[in-house]
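Shown next: target_11.txt, given as compact mmCIF, C-alpha atoms and all ligand atoms.
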```
# COMPACT_ATOMS: atom_id res chain seq x y z
CA MET A 781 25.89 -76.95 -3.60
CA SER A 782 27.32 -79.27 -6.25
CA SER A 783 25.04 -82.09 -7.24
CA THR A 784 24.70 -84.23 -10.34
CA HIS A 785 20.97 -83.72 -10.69
CA PRO A 786 18.86 -80.64 -9.99
CA ALA A 787 17.46 -80.32 -6.46
CA TYR A 788 13.86 -79.32 -5.74
CA LEU A 789 12.76 -78.00 -2.36
CA VAL A 790 9.21 -76.99 -1.47
CA PHE A 791 8.90 -74.60 1.50
CA ILE A 792 5.55 -75.13 3.19
CA GLY A 793 4.03 -72.90 5.85
CA PRO A 794 1.32 -70.33 6.45
CA PRO A 795 1.67 -66.78 5.14
CA GLY A 796 4.24 -65.04 7.32
CA ALA A 797 6.06 -68.22 8.34
CA GLY A 798 9.29 -66.92 6.80
CA LYS A 799 9.36 -68.93 3.54
CA GLY A 800 10.42 -65.98 1.40
CA THR A 801 12.95 -64.68 3.93
CA GLN A 802 14.61 -68.07 4.20
CA ALA A 803 14.45 -68.91 0.48
CA ALA A 804 16.13 -65.61 -0.38
CA MET A 805 18.93 -66.29 2.13
CA LEU A 806 19.46 -69.89 1.05
CA GLU A 807 19.29 -69.57 -2.73
CA LYS A 808 22.91 -68.40 -3.16
CA LYS A 809 24.25 -70.71 -0.50
CA LEU A 810 22.60 -73.74 -2.10
CA GLY A 811 23.04 -72.64 -5.72
CA LEU A 812 19.29 -73.03 -6.31
CA LYS A 813 16.83 -70.50 -7.74
CA GLN A 814 14.06 -69.13 -5.52
CA VAL A 815 10.74 -69.27 -7.36
CA SER A 816 7.95 -67.47 -5.49
CA SER A 817 4.50 -67.62 -7.08
CA GLY A 818 3.44 -64.53 -5.10
CA ASP A 819 6.43 -62.57 -6.45
CA LEU A 820 5.62 -63.73 -10.00
CA PHE A 821 2.03 -62.49 -9.65
CA ARG A 822 3.22 -59.15 -8.22
CA GLU A 823 5.71 -58.79 -11.10
CA ASN A 824 2.87 -59.40 -13.57
CA LEU A 825 0.76 -56.84 -11.77
CA LYS A 826 3.57 -54.27 -11.90
CA ASN A 827 3.86 -54.87 -15.65
CA GLN A 828 0.07 -54.68 -16.02
CA THR A 829 -0.15 -58.02 -17.82
CA GLU A 830 -3.48 -59.78 -18.29
CA LEU A 831 -2.35 -62.41 -15.77
CA GLY A 832 -1.42 -59.71 -13.27
CA LEU A 833 -4.82 -58.05 -13.54
CA LEU A 834 -6.60 -61.38 -13.14
CA ALA A 835 -4.47 -62.28 -10.10
CA LYS A 836 -5.10 -58.92 -8.46
CA SER A 837 -8.76 -59.64 -7.84
CA TYR A 838 -7.86 -62.79 -5.90
CA ILE A 839 -4.81 -61.38 -4.10
CA ASP A 840 -6.80 -58.36 -2.84
CA ARG A 841 -9.30 -60.72 -1.19
CA GLY A 842 -6.65 -63.10 0.13
CA GLU A 843 -8.04 -65.91 -2.05
CA LEU A 844 -6.03 -68.30 -4.20
CA VAL A 845 -5.58 -67.56 -7.90
CA PRO A 846 -7.11 -70.44 -9.95
CA ASP A 847 -4.89 -73.52 -10.29
CA GLU A 848 -4.71 -73.61 -14.07
CA VAL A 849 -3.12 -70.17 -14.52
CA THR A 850 -0.93 -70.54 -11.43
CA ILE A 851 0.45 -73.92 -12.52
CA ARG A 852 1.19 -72.65 -16.03
CA MET A 853 2.98 -69.55 -14.70
CA VAL A 854 5.21 -71.52 -12.31
CA GLN A 855 5.97 -74.27 -14.82
CA ASP A 856 7.02 -71.67 -17.41
CA ARG A 857 9.28 -69.99 -14.87
CA MET A 858 10.90 -73.30 -13.89
CA GLN A 859 11.86 -74.00 -17.52
CA ARG A 860 14.18 -70.98 -17.65
CA PRO A 861 17.92 -71.74 -17.65
CA ASP A 862 18.55 -70.11 -14.23
CA CYS A 863 16.55 -73.02 -12.75
CA ASP A 864 18.81 -75.71 -14.26
CA GLN A 865 20.55 -76.47 -10.94
CA GLY A 866 17.24 -76.74 -9.12
CA VAL A 867 14.66 -74.60 -7.37
CA ILE A 868 13.43 -73.52 -3.96
CA LEU A 869 9.67 -73.16 -4.34
CA ASP A 870 8.13 -70.60 -2.00
CA GLY A 871 4.35 -70.22 -1.98
CA PHE A 872 3.80 -72.97 -4.57
CA PRO A 873 2.17 -75.47 -4.50
CA ARG A 874 -0.77 -74.24 -2.42
CA THR A 875 -3.38 -76.86 -3.39
CA LEU A 876 -3.30 -80.62 -3.90
CA GLU A 877 -3.95 -80.03 -7.62
CA GLN A 878 -0.88 -77.82 -7.84
CA ALA A 879 1.19 -80.41 -5.93
CA SER A 880 0.28 -83.23 -8.28
CA ALA A 881 0.88 -81.05 -11.36
CA LEU A 882 4.34 -80.26 -9.97
CA ASP A 883 5.07 -83.95 -9.37
CA ALA A 884 3.98 -84.79 -12.92
CA MET A 885 6.14 -82.05 -14.39
CA LEU A 886 9.22 -83.14 -12.44
CA ALA A 887 8.60 -86.81 -13.23
CA SER A 888 8.48 -86.00 -16.95
CA GLN A 889 12.00 -84.58 -16.54
CA GLY A 890 13.21 -87.57 -14.52
CA SER A 891 13.31 -85.42 -11.36
CA LYS A 892 11.48 -85.30 -8.05
CA ILE A 893 11.08 -83.21 -4.93
CA ASP A 894 13.94 -83.77 -2.48
CA LEU A 895 12.46 -82.18 0.66
CA ALA A 896 9.38 -80.25 1.80
CA PRO A 897 10.37 -78.39 4.99
CA VAL A 898 7.32 -77.25 6.99
CA LEU A 899 7.76 -74.02 8.97
CA THR A 900 5.44 -73.90 11.98
CA VAL A 901 4.51 -70.56 13.60
CA SER A 902 1.63 -69.56 15.91
CA ASP A 903 -1.22 -67.49 14.49
CA ASP A 904 -0.52 -64.54 16.84
CA GLU A 905 3.06 -64.42 15.64
CA LEU A 906 1.98 -64.70 11.98
CA ILE A 907 -0.39 -61.76 12.34
CA ALA A 908 2.32 -59.64 14.01
CA ARG A 909 4.78 -60.56 11.25
CA LEU A 910 2.46 -59.90 8.30
CA THR A 911 1.04 -56.61 9.54
CA GLY A 912 4.60 -55.30 10.18
CA ARG A 913 6.10 -56.63 6.94
CA ARG A 914 7.69 -54.19 4.49
CA VAL A 915 8.83 -55.06 0.96
CA CYS A 916 11.22 -53.32 -1.40
CA ARG A 917 9.39 -51.85 -4.40
CA ASN A 918 12.49 -52.33 -6.53
CA CYS A 919 14.05 -55.72 -5.67
CA GLY A 920 11.37 -57.40 -3.54
CA ALA A 921 13.58 -57.89 -0.44
CA THR A 922 11.51 -58.43 2.70
CA TYR A 923 11.85 -56.66 6.06
CA HIS A 924 9.89 -56.28 9.27
CA MET A 925 9.49 -52.94 11.02
CA ILE A 926 10.45 -54.48 14.38
CA PHE A 927 11.78 -58.02 13.88
CA ASN A 928 14.02 -57.39 10.86
CA PRO A 929 14.29 -53.63 10.26
CA PRO A 930 16.36 -52.08 7.46
CA ARG A 931 19.40 -49.99 8.50
CA VAL A 932 17.64 -46.80 7.32
CA GLU A 933 13.88 -46.53 7.85
CA ASP A 934 11.86 -47.37 4.71
CA VAL A 935 15.00 -47.85 2.58
CA CYS A 936 16.14 -51.24 1.25
CA ASP A 937 19.57 -52.31 2.56
CA ALA A 938 20.23 -54.29 -0.62
CA CYS A 939 19.40 -51.76 -3.37
CA GLY A 940 18.33 -48.46 -1.76
CA GLY A 941 14.78 -48.92 -3.08
CA GLU A 942 11.68 -47.64 -1.29
CA LEU A 943 9.93 -50.02 1.13
CA TYR A 944 6.14 -50.36 1.05
CA GLN A 945 3.42 -52.31 2.84
CA ARG A 946 1.60 -54.90 0.71
CA SER A 947 -2.10 -54.08 0.52
CA ASP A 948 -2.93 -57.73 1.34
CA ASP A 949 -0.98 -57.42 4.61
CA SER A 950 -3.91 -55.54 6.21
CA LEU A 951 -5.34 -57.29 9.29
CA GLU A 952 -8.63 -58.17 7.55
CA THR A 953 -6.98 -59.78 4.51
CA VAL A 954 -4.37 -61.53 6.66
CA ARG A 955 -7.17 -63.24 8.62
CA ASN A 956 -8.67 -64.59 5.39
CA ARG A 957 -5.26 -65.68 4.09
CA LEU A 958 -4.74 -67.74 7.25
CA TYR A 959 -8.19 -69.29 6.83
CA VAL A 960 -7.43 -70.14 3.20
CA TYR A 961 -4.07 -71.64 4.25
CA TYR A 962 -5.59 -73.98 6.82
CA LYS A 963 -8.43 -75.01 4.52
CA GLN A 964 -6.72 -75.35 1.13
CA THR A 965 -2.95 -75.53 1.66
CA SER A 966 -2.38 -77.37 4.95
CA PRO A 967 -3.54 -80.72 3.38
CA LEU A 968 -0.22 -80.59 1.51
CA ILE A 969 1.52 -81.44 4.77
CA GLY A 970 -0.20 -84.84 4.70
CA TYR A 971 0.52 -85.20 0.99
CA TYR A 972 4.27 -84.74 1.46
CA TYR A 973 4.37 -86.55 4.82
CA ALA A 974 3.01 -89.66 3.10
CA LYS A 975 5.93 -89.45 0.67
CA GLY A 976 8.45 -89.15 3.52
CA LEU A 977 9.45 -85.65 2.39
CA THR A 978 8.48 -83.47 5.35
CA THR A 979 10.73 -82.10 8.07
CA PHE A 980 9.15 -79.87 10.70
CA ILE A 981 11.02 -76.74 11.75
CA ASP A 982 10.02 -74.31 14.49
CA GLY A 983 9.68 -71.16 12.39
CA GLY A 984 9.03 -69.09 15.52
CA GLN A 985 12.75 -68.98 16.29
CA ALA A 986 15.14 -66.20 15.27
CA ILE A 987 15.81 -65.89 11.52
CA ASP A 988 19.39 -67.23 11.75
CA VAL A 989 18.34 -70.18 13.92
CA VAL A 990 15.65 -71.16 11.42
CA LYS A 991 18.17 -70.78 8.60
CA GLN A 992 20.64 -73.18 10.25
CA ALA A 993 17.92 -75.74 10.99
CA LEU A 994 16.80 -75.59 7.36
CA LEU A 995 20.35 -75.92 6.07
CA ASP A 996 21.03 -78.96 8.27
CA ALA A 997 17.83 -80.68 7.11
CA ILE A 998 18.49 -79.86 3.44
CA GLN A 999 22.12 -81.07 3.53
CA THR A 1000 20.96 -84.34 5.07
CA ALA A 1001 18.24 -84.79 2.45
CA LEU A 1002 20.54 -83.99 -0.47
CA HIS A 1003 23.74 -85.63 0.69
CA GLY A 1004 22.68 -87.95 3.48
CA LYS A 1005 25.15 -86.25 5.83
P1 LIG B 1101 6.27 -65.82 3.95
O1 LIG B 1101 7.13 -65.76 2.70
O2 LIG B 1101 6.25 -67.19 4.57
O3 LIG B 1101 4.90 -65.27 3.75
P2 LIG B 1101 8.11 -63.77 4.93
O4 LIG B 1101 9.44 -64.43 4.70
O5 LIG B 1101 7.72 -62.69 4.00
O6 LIG B 1101 6.95 -64.90 5.04
O7 LIG B 1101 8.10 -63.24 6.44
C1 LIG B 1101 6.97 -62.52 6.96
C2 LIG B 1101 7.45 -61.38 7.85
O8 LIG B 1101 8.05 -61.92 9.03
C3 LIG B 1101 8.51 -60.47 7.22
O9 LIG B 1101 8.26 -59.16 7.66
C4 LIG B 1101 9.83 -61.01 7.77
O10 LIG B 1101 10.81 -59.98 7.87
C5 LIG B 1101 9.42 -61.51 9.15
N1 LIG B 1101 10.15 -62.71 9.58
C6 LIG B 1101 10.53 -63.76 8.82
N2 LIG B 1101 11.14 -64.71 9.57
C7 LIG B 1101 11.11 -64.25 10.85
C8 LIG B 1101 11.58 -64.77 12.12
N3 LIG B 1101 12.18 -65.96 12.20
N4 LIG B 1101 11.37 -64.01 13.22
C9 LIG B 1101 10.75 -62.81 13.14
N5 LIG B 1101 10.29 -62.26 12.00
C10 LIG B 1101 10.47 -62.96 10.86
P1 LIG B 1102 2.37 -64.70 -1.17
O1 LIG B 1102 3.30 -63.67 -1.75
O2 LIG B 1102 2.93 -66.09 -1.22
O3 LIG B 1102 1.90 -64.33 0.22
O4 LIG B 1102 1.08 -64.73 -2.10
C1 LIG B 1102 0.26 -63.59 -2.25
C2 LIG B 1102 -1.04 -63.96 -2.94
O5 LIG B 1102 -0.77 -64.43 -4.28
C3 LIG B 1102 -1.84 -65.08 -2.28
O6 LIG B 1102 -2.66 -64.62 -1.22
C4 LIG B 1102 -2.67 -65.59 -3.48
O7 LIG B 1102 -3.73 -64.71 -3.78
C5 LIG B 1102 -1.66 -65.48 -4.63
N1 LIG B 1102 -0.87 -66.73 -4.76
C6 LIG B 1102 0.47 -66.87 -4.54
N2 LIG B 1102 0.85 -68.14 -4.76
C7 LIG B 1102 -0.28 -68.83 -5.12
C8 LIG B 1102 -0.52 -70.19 -5.45
N3 LIG B 1102 0.46 -71.11 -5.47
N4 LIG B 1102 -1.80 -70.54 -5.78
C9 LIG B 1102 -2.79 -69.63 -5.80
N5 LIG B 1102 -2.61 -68.34 -5.46
C10 LIG B 1102 -1.36 -67.92 -5.13
```

This entry written out as structure tokens:
Amino acid sequence: MSSTHPAYLVFIGPPGAGKGTQAAMLEKKLGLKQVSSGDLFRENLKNQTELGLLAKSYIDRGELVPDEVTIRMVQDRMQRPDCDQGVILDGFPRTLEQASALDAMLASQGSKIDLAPVLTVSDDELIARLTGRRVCRNCGATYHMIFNPPRVEDVCDACGGELYQRSDDSLETVRNRLYVYYKQTSPLIGYYYAKGLTTFIDGGQAIDVVKQALLDAIQTALHGK
């Protein structure tokens, strides 16, 4: 998508709403970089960094990693040159503190958030999605055993890597992650609504239907079409 200034989109929704699936599909189409705080933590964990080890204790319990370290990690990532055209944020911000830090960072660069699409999905559907999710160990691509299976069982279509189940996708941790979402993250809907940035999309529809609805809303926000 050609634009004179970088575009910033914030995908909001509970765990399992499809933020990562959609962001990965849209990043090439829109020419924006997907930045997923969860992926950044998992990368740190894989590389056994201090940040990764700190994050692990929170991720395992389905709690949020403290704001200060999370904000610093995402801000650092957004300064890299592959983010120059703009970013699709997926999983960040998750607290009001993170949202205002993001606004301040963008404002200091003369930028702002263009749209905060909210994906709505019922809790029963979220639980079915998260407990059946599979992720590629190599490239991070996301599948679902039933709703979005790979061509060959447990093998990534994109890179041939091995698929695994995230340890925080167990039923017990998923329940806590939903609780944490409603308590700490859902207030962001009001925060962005008050700024006129929300658009509500039924995330319970098929992946391609959600993708088209998102694309339509994003094109309108960026180009007024
Ligand atoms: P999030 O990033 O919001 O936590 P994901 O994109 O990882 O969610 O999706 C969670 C799970 O649901 C994955 O297994 C994914 O394949 C599946 N999924 C995503 N979107 C849909 C959809 N529209 N219908 C059915 N399953 C979906
Ligand atoms: P996700 O991959 O988005 O489902 O995130 C997995 C886990 O990483 C969450 O349950 C949190 O423990 C942690 N995490 C990801 N993003 C954030 C964030 N913005 N703030 C705090 N913790 C986060």

- [ ] Could you pull out the residues sitting within 7 Å of ligand LIG 1101 (chain B), using only C-alpha atoms and all ligand atoms, and write them as a list in words?
- [x] Gly793, Pro794, Pro795, Gly796, Ala797, Gly798, Lys799, Gly800, Thr801, Gln802, Asp870, Arg909, Leu910, Gly912, Arg913, Arg914, Thr922, Tyr923, His924, Phe927, Asn928, Gly983, Gly984, Gln985, Ala986, Ile987 and Val990 of chain A

Each chain A residue no farther than 8 Å from ligand LIG 1102 (chain B), nearest pair in Å, only C-alpha atoms and all ligand atoms, as CSV:
```
residue,atom,partner,partner_atom,distance
A:Pro795,CA,B:LIG1102,O3,5.5
A:Gly796,CA,B:LIG1102,O3,7.5
A:Gly800,CA,B:LIG1102,O2,7.9
A:Ser816,CA,B:LIG1102,O2,6.7
A:Ser817,CA,B:LIG1102,N2,4.4
A:Gly818,CA,B:LIG1102,O1,3.5
A:Asp819,CA,B:LIG1102,O1,5.8
A:Phe821,CA,B:LIG1102,O5,6.4
A:Arg822,CA,B:LIG1102,O5,7.7
A:Ala835,CA,B:LIG1102,O7,6.8
A:Lys836,CA,B:LIG1102,O7,7.6
A:Tyr838,CA,B:LIG1102,O7,5.0
A:Ile839,CA,B:LIG1102,O7,3.5
A:Asp840,CA,B:LIG1102,O7,7.1
A:Arg841,CA,B:LIG1102,O7,7.3
A:Gly842,CA,B:LIG1102,O6,4.5
A:Glu843,CA,B:LIG1102,O7,4.8
A:Leu844,CA,B:LIG1102,N5,3.6
A:Val845,CA,B:LIG1102,N5,3.9
A:Pro846,CA,B:LIG1102,C9,6.0
A:Asp847,CA,B:LIG1102,N4,6.2
A:Thr850,CA,B:LIG1102,N4,5.7
A:Ile851,CA,B:LIG1102,N3,7.6
A:Asp870,CA,B:LIG1102,O2,6.9
A:Gly871,CA,B:LIG1102,O2,4.4
A:Phe872,CA,B:LIG1102,N3,3.9
A:Pro873,CA,B:LIG1102,N3,4.8
A:Arg874,CA,B:LIG1102,N3,4.5
A:Thr875,CA,B:LIG1102,N4,6.9
A:Gln878,CA,B:LIG1102,N3,7.2
A:Asp948,CA,B:LIG1102,O6,7.4
A:Arg957,CA,B:LIG1102,O6,6.0
```

- [ ] Write out as a ChimeraX atom specification the residues lying within 12 Å of Asp934 (chain A), counting all atoms listed in the file and excluding same-chain residues fewer than 4 positions away.
- [x] /A:913-917,921-925,928-930,939-945

Just give me the residues with any atom within 12 Å of (1.7, -80.5, 5.6), file coordinates, counting all atoms listed in the file, written as a PDB file with C-alpha atoms, keeping the file's coordinate frame.
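Everything below was put into out.pdb:
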```pdb
ATOM      1  CA  VAL A 790       9.210 -76.990  -1.470  1.00  0.00           C
ATOM      2  CA  PHE A 791       8.900 -74.600   1.500  1.00  0.00           C
ATOM      3  CA  ILE A 792       5.550 -75.130   3.190  1.00  0.00           C
ATOM      4  CA  GLY A 793       4.030 -72.900   5.850  1.00  0.00           C
ATOM      5  CA  PRO A 794       1.320 -70.330   6.450  1.00  0.00           C
ATOM      6  CA  PRO A 873       2.170 -75.470  -4.500  1.00  0.00           C
ATOM      7  CA  ARG A 874      -0.770 -74.240  -2.420  1.00  0.00           C
ATOM      8  CA  THR A 875      -3.380 -76.860  -3.390  1.00  0.00           C
ATOM      9  CA  LEU A 876      -3.300 -80.620  -3.900  1.00  0.00           C
ATOM     10  CA  ALA A 879       1.190 -80.410  -5.930  1.00  0.00           C
ATOM     11  CA  LEU A 895      12.460 -82.180   0.660  1.00  0.00           C
ATOM     12  CA  ALA A 896       9.380 -80.250   1.800  1.00  0.00           C
ATOM     13  CA  PRO A 897      10.370 -78.390   4.990  1.00  0.00           C
ATOM     14  CA  VAL A 898       7.320 -77.250   6.990  1.00  0.00           C
ATOM     15  CA  LEU A 899       7.760 -74.020   8.970  1.00  0.00           C
ATOM     16  CA  THR A 900       5.440 -73.900  11.980  1.00  0.00           C
ATOM     17  CA  TYR A 961      -4.070 -71.640   4.250  1.00  0.00           C
ATOM     18  CA  TYR A 962      -5.590 -73.980   6.820  1.00  0.00           C
ATOM     19  CA  LYS A 963      -8.430 -75.010   4.520  1.00  0.00           C
ATOM     20  CA  GLN A 964      -6.720 -75.350   1.130  1.00  0.00           C
ATOM     21  CA  THR A 965      -2.950 -75.530   1.660  1.00  0.00           C
ATOM     22  CA  SER A 966      -2.380 -77.370   4.950  1.00  0.00           C
ATOM     23  CA  PRO A 967      -3.540 -80.720   3.380  1.00  0.00           C
ATOM     24  CA  LEU A 968      -0.220 -80.590   1.510  1.00  0.00           C
ATOM     25  CA  ILE A 969       1.520 -81.440   4.770  1.00  0.00           C
ATOM     26  CA  GLY A 970      -0.200 -84.840   4.700  1.00  0.00           C
ATOM     27  CA  TYR A 971       0.520 -85.200   0.990  1.00  0.00           C
ATOM     28  CA  TYR A 972       4.270 -84.740   1.460  1.00  0.00           C
ATOM     29  CA  TYR A 973       4.370 -86.550   4.820  1.00  0.00           C
ATOM     30  CA  ALA A 974       3.010 -89.660   3.100  1.00  0.00           C
ATOM     31  CA  LYS A 975       5.930 -89.450   0.670  1.00  0.00           C
ATOM     32  CA  GLY A 976       8.450 -89.150   3.520  1.00  0.00           C
ATOM     33  CA  LEU A 977       9.450 -85.650   2.390  1.00  0.00           C
ATOM     34  CA  THR A 978       8.480 -83.470   5.350  1.00  0.00           C
ATOM     35  CA  THR A 979      10.730 -82.100   8.070  1.00  0.00           C
ATOM     36  CA  PHE A 980       9.150 -79.870  10.700  1.00  0.00           C
ATOM     37  CA  ILE A 981      11.020 -76.740  11.750  1.00  0.00           C
TER      38      ILE A 981
END
```

- [ ] Measure the distance from CA of Ser950 (chain A) to CA of Thr911 (chain A) in Å and round it to one decimal.
- [x] 6.1 Å

Task: Nearest residue to Met885 (chain A) from the set A:Ala908, A:Leu951, A:Ile998, A:Met858 (distances using only C-alpha atoms) - done: A:Met858

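Closest to Ala881 (chain A) among A:Val954, A:Ile907, A:Val854, A:Leu833 is A:Val854, based on all atoms listed in the file.
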
- [ ] Tell me, in Å to one decimal, how far CA of His785 (chain A) is from CA of Lys813 (chain A).
- [x]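 That distance, rounded to one decimal, is 14.2 Å.
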
Task: Atom-to-atom span, CA of Met805 (chain A) and CA of Lys991 (chain A), Å - done: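 For CA of Met805 (chain A) relative to CA of Lys991 (chain A), the distance reads 7.9 Å.
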
Open item on the list: Under the rule that only C-alpha atoms are counted, which of A:Glu823, A:Leu882, A:Arg931, A:Asn918 is the nearest residue to Arg852 (chain A)?
Closed with: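 When distances to Arg852 (chain A) are compared using only C-alpha atoms, the smallest one comes from A:Leu882.
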
Open item on the list: Show me, as a list in words, the residues that have an atom within 9 Å of Asp883 (chain A) when counting all atoms listed in the file, minus same-chain residues fewer than 5 positions from it.
Closed with: Gln878, Ser888, Ser891, Lys892 and Ile893 of chain A

- [ ] Could you give me, as a list in words, the residues within 9 Å of Leu806 (chain A), counting all atoms listed in the file and dropping anything in the same chain fewer than 5 positions from it?
- [x]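 Final neighbour list, sorted by chain and number: Thr801, Gly811, Leu812, Gln814, Ile868, Lys991, Leu994 and Leu995 of chain A.
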
Using only C-alpha atoms, please write the residues we just selected to a file, as a PDB file, in the frame of the given file.
```pdb
ATOM      1  CA  THR A 801      12.950 -64.680   3.930  1.00  0.00           C
ATOM      2  CA  GLY A 811      23.040 -72.640  -5.720  1.00  0.00           C
ATOM      3  CA  LEU A 812      19.290 -73.030  -6.310  1.00  0.00           C
ATOM      4  CA  GLN A 814      14.060 -69.130  -5.520  1.00  0.00           C
ATOM      5  CA  ILE A 868      13.430 -73.520  -3.960  1.00  0.00           C
ATOM      6  CA  LYS A 991      18.170 -70.780   8.600  1.00  0.00           C
ATOM      7  CA  LEU A 994      16.800 -75.590   7.360  1.00  0.00           C
ATOM      8  CA  LEU A 995      20.350 -75.920   6.070  1.00  0.00           C
TER       9      LEU A 995
END
```

Task: Selected residue, from A:Leu820, A:Val849, A:Gln999, A:Gln992, that lies nearest to Leu869 (chain A) when counting all atoms listed in the file - done: A:Leu820

- [ ] Rank nothing, just name the residue among A:Asp862, A:Leu834, A:Asp894, A:Val815 nearest to Leu789 (chain A), using only C-alpha atoms.
- [x] A:Asp894

- [ ] Pick out the closest residue to Arg955 (chain A) from this set: A:Val935, A:Thr1000, A:Ala804, A:Asp904. Count all atoms listed in the file.
- [x]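 The shortest atom-to-atom distance to Arg955 (chain A) comes from A:Asp904.
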
Complete the atoms of region 868-874 of chain A to all heavy atoms and put them out as a CSV table (one decimal), in the coordinates of the input.
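The resulting file, selection.csv, is shown below:
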```
chain,number,residue,atom,x,y,z
A,868,ILE,N,14.1,-73.6,-5.3
A,868,ILE,CA,13.4,-73.5,-4.0
A,868,ILE,C,12.1,-72.9,-4.3
A,868,ILE,O,12.0,-71.7,-4.6
A,868,ILE,CB,14.1,-72.6,-2.9
A,868,ILE,CG1,15.6,-73.1,-2.7
A,868,ILE,CG2,13.4,-72.6,-1.6
A,868,ILE,CD1,16.4,-72.2,-1.8
A,869,LEU,N,11.0,-73.7,-4.1
A,869,LEU,CA,9.7,-73.2,-4.3
A,869,LEU,C,9.1,-72.6,-3.1
A,869,LEU,O,9.2,-73.2,-2.0
A,869,LEU,CB,8.8,-74.3,-4.8
A,869,LEU,CG,9.0,-74.6,-6.3
A,869,LEU,CD1,8.4,-76.0,-6.6
A,869,LEU,CD2,8.3,-73.6,-7.2
A,870,ASP,N,8.6,-71.3,-3.2
A,870,ASP,CA,8.1,-70.6,-2.0
A,870,ASP,C,6.7,-70.1,-2.3
A,870,ASP,O,6.6,-69.2,-3.2
A,870,ASP,CB,9.2,-69.6,-1.7
A,870,ASP,CG,8.7,-68.2,-1.2
A,870,ASP,OD1,7.6,-68.1,-0.7
A,870,ASP,OD2,9.4,-67.2,-1.5
A,871,GLY,N,5.7,-70.7,-1.7
A,871,GLY,CA,4.4,-70.2,-2.0
A,871,GLY,C,3.7,-71.1,-3.0
A,871,GLY,O,2.5,-70.8,-3.3
A,872,PHE,N,4.3,-72.0,-3.6
A,872,PHE,CA,3.8,-73.0,-4.6
A,872,PHE,C,4.4,-74.3,-4.3
A,872,PHE,O,5.6,-74.4,-4.0
A,872,PHE,CB,4.2,-72.5,-6.0
A,872,PHE,CG,3.6,-73.5,-7.1
A,872,PHE,CD1,2.4,-73.2,-7.7
A,872,PHE,CD2,4.3,-74.6,-7.4
A,872,PHE,CE1,1.9,-74.1,-8.6
A,872,PHE,CE2,3.8,-75.5,-8.4
A,872,PHE,CZ,2.6,-75.2,-9.0
A,873,PRO,N,3.6,-75.4,-4.3
A,873,PRO,CA,2.2,-75.5,-4.5
A,873,PRO,C,1.4,-75.0,-3.3
A,873,PRO,O,1.9,-75.1,-2.1
A,873,PRO,CB,1.9,-77.0,-4.8
A,873,PRO,CG,3.1,-77.7,-4.1
A,873,PRO,CD,4.2,-76.7,-4.1
A,874,ARG,N,0.1,-74.6,-3.5
A,874,ARG,CA,-0.8,-74.2,-2.4
A,874,ARG,C,-2.0,-75.1,-2.4
A,874,ARG,O,-2.9,-74.8,-1.5
A,874,ARG,CB,-1.1,-72.8,-2.6
A,874,ARG,CG,-0.4,-71.8,-1.6
A,874,ARG,CD,-0.8,-70.4,-2.0
A,874,ARG,NE,-0.6,-69.4,-1.1
A,874,ARG,CZ,0.4,-68.5,-1.0
A,874,ARG,NH1,1.4,-68.6,-1.9
A,874,ARG,NH2,0.4,-67.5,-0.2
```
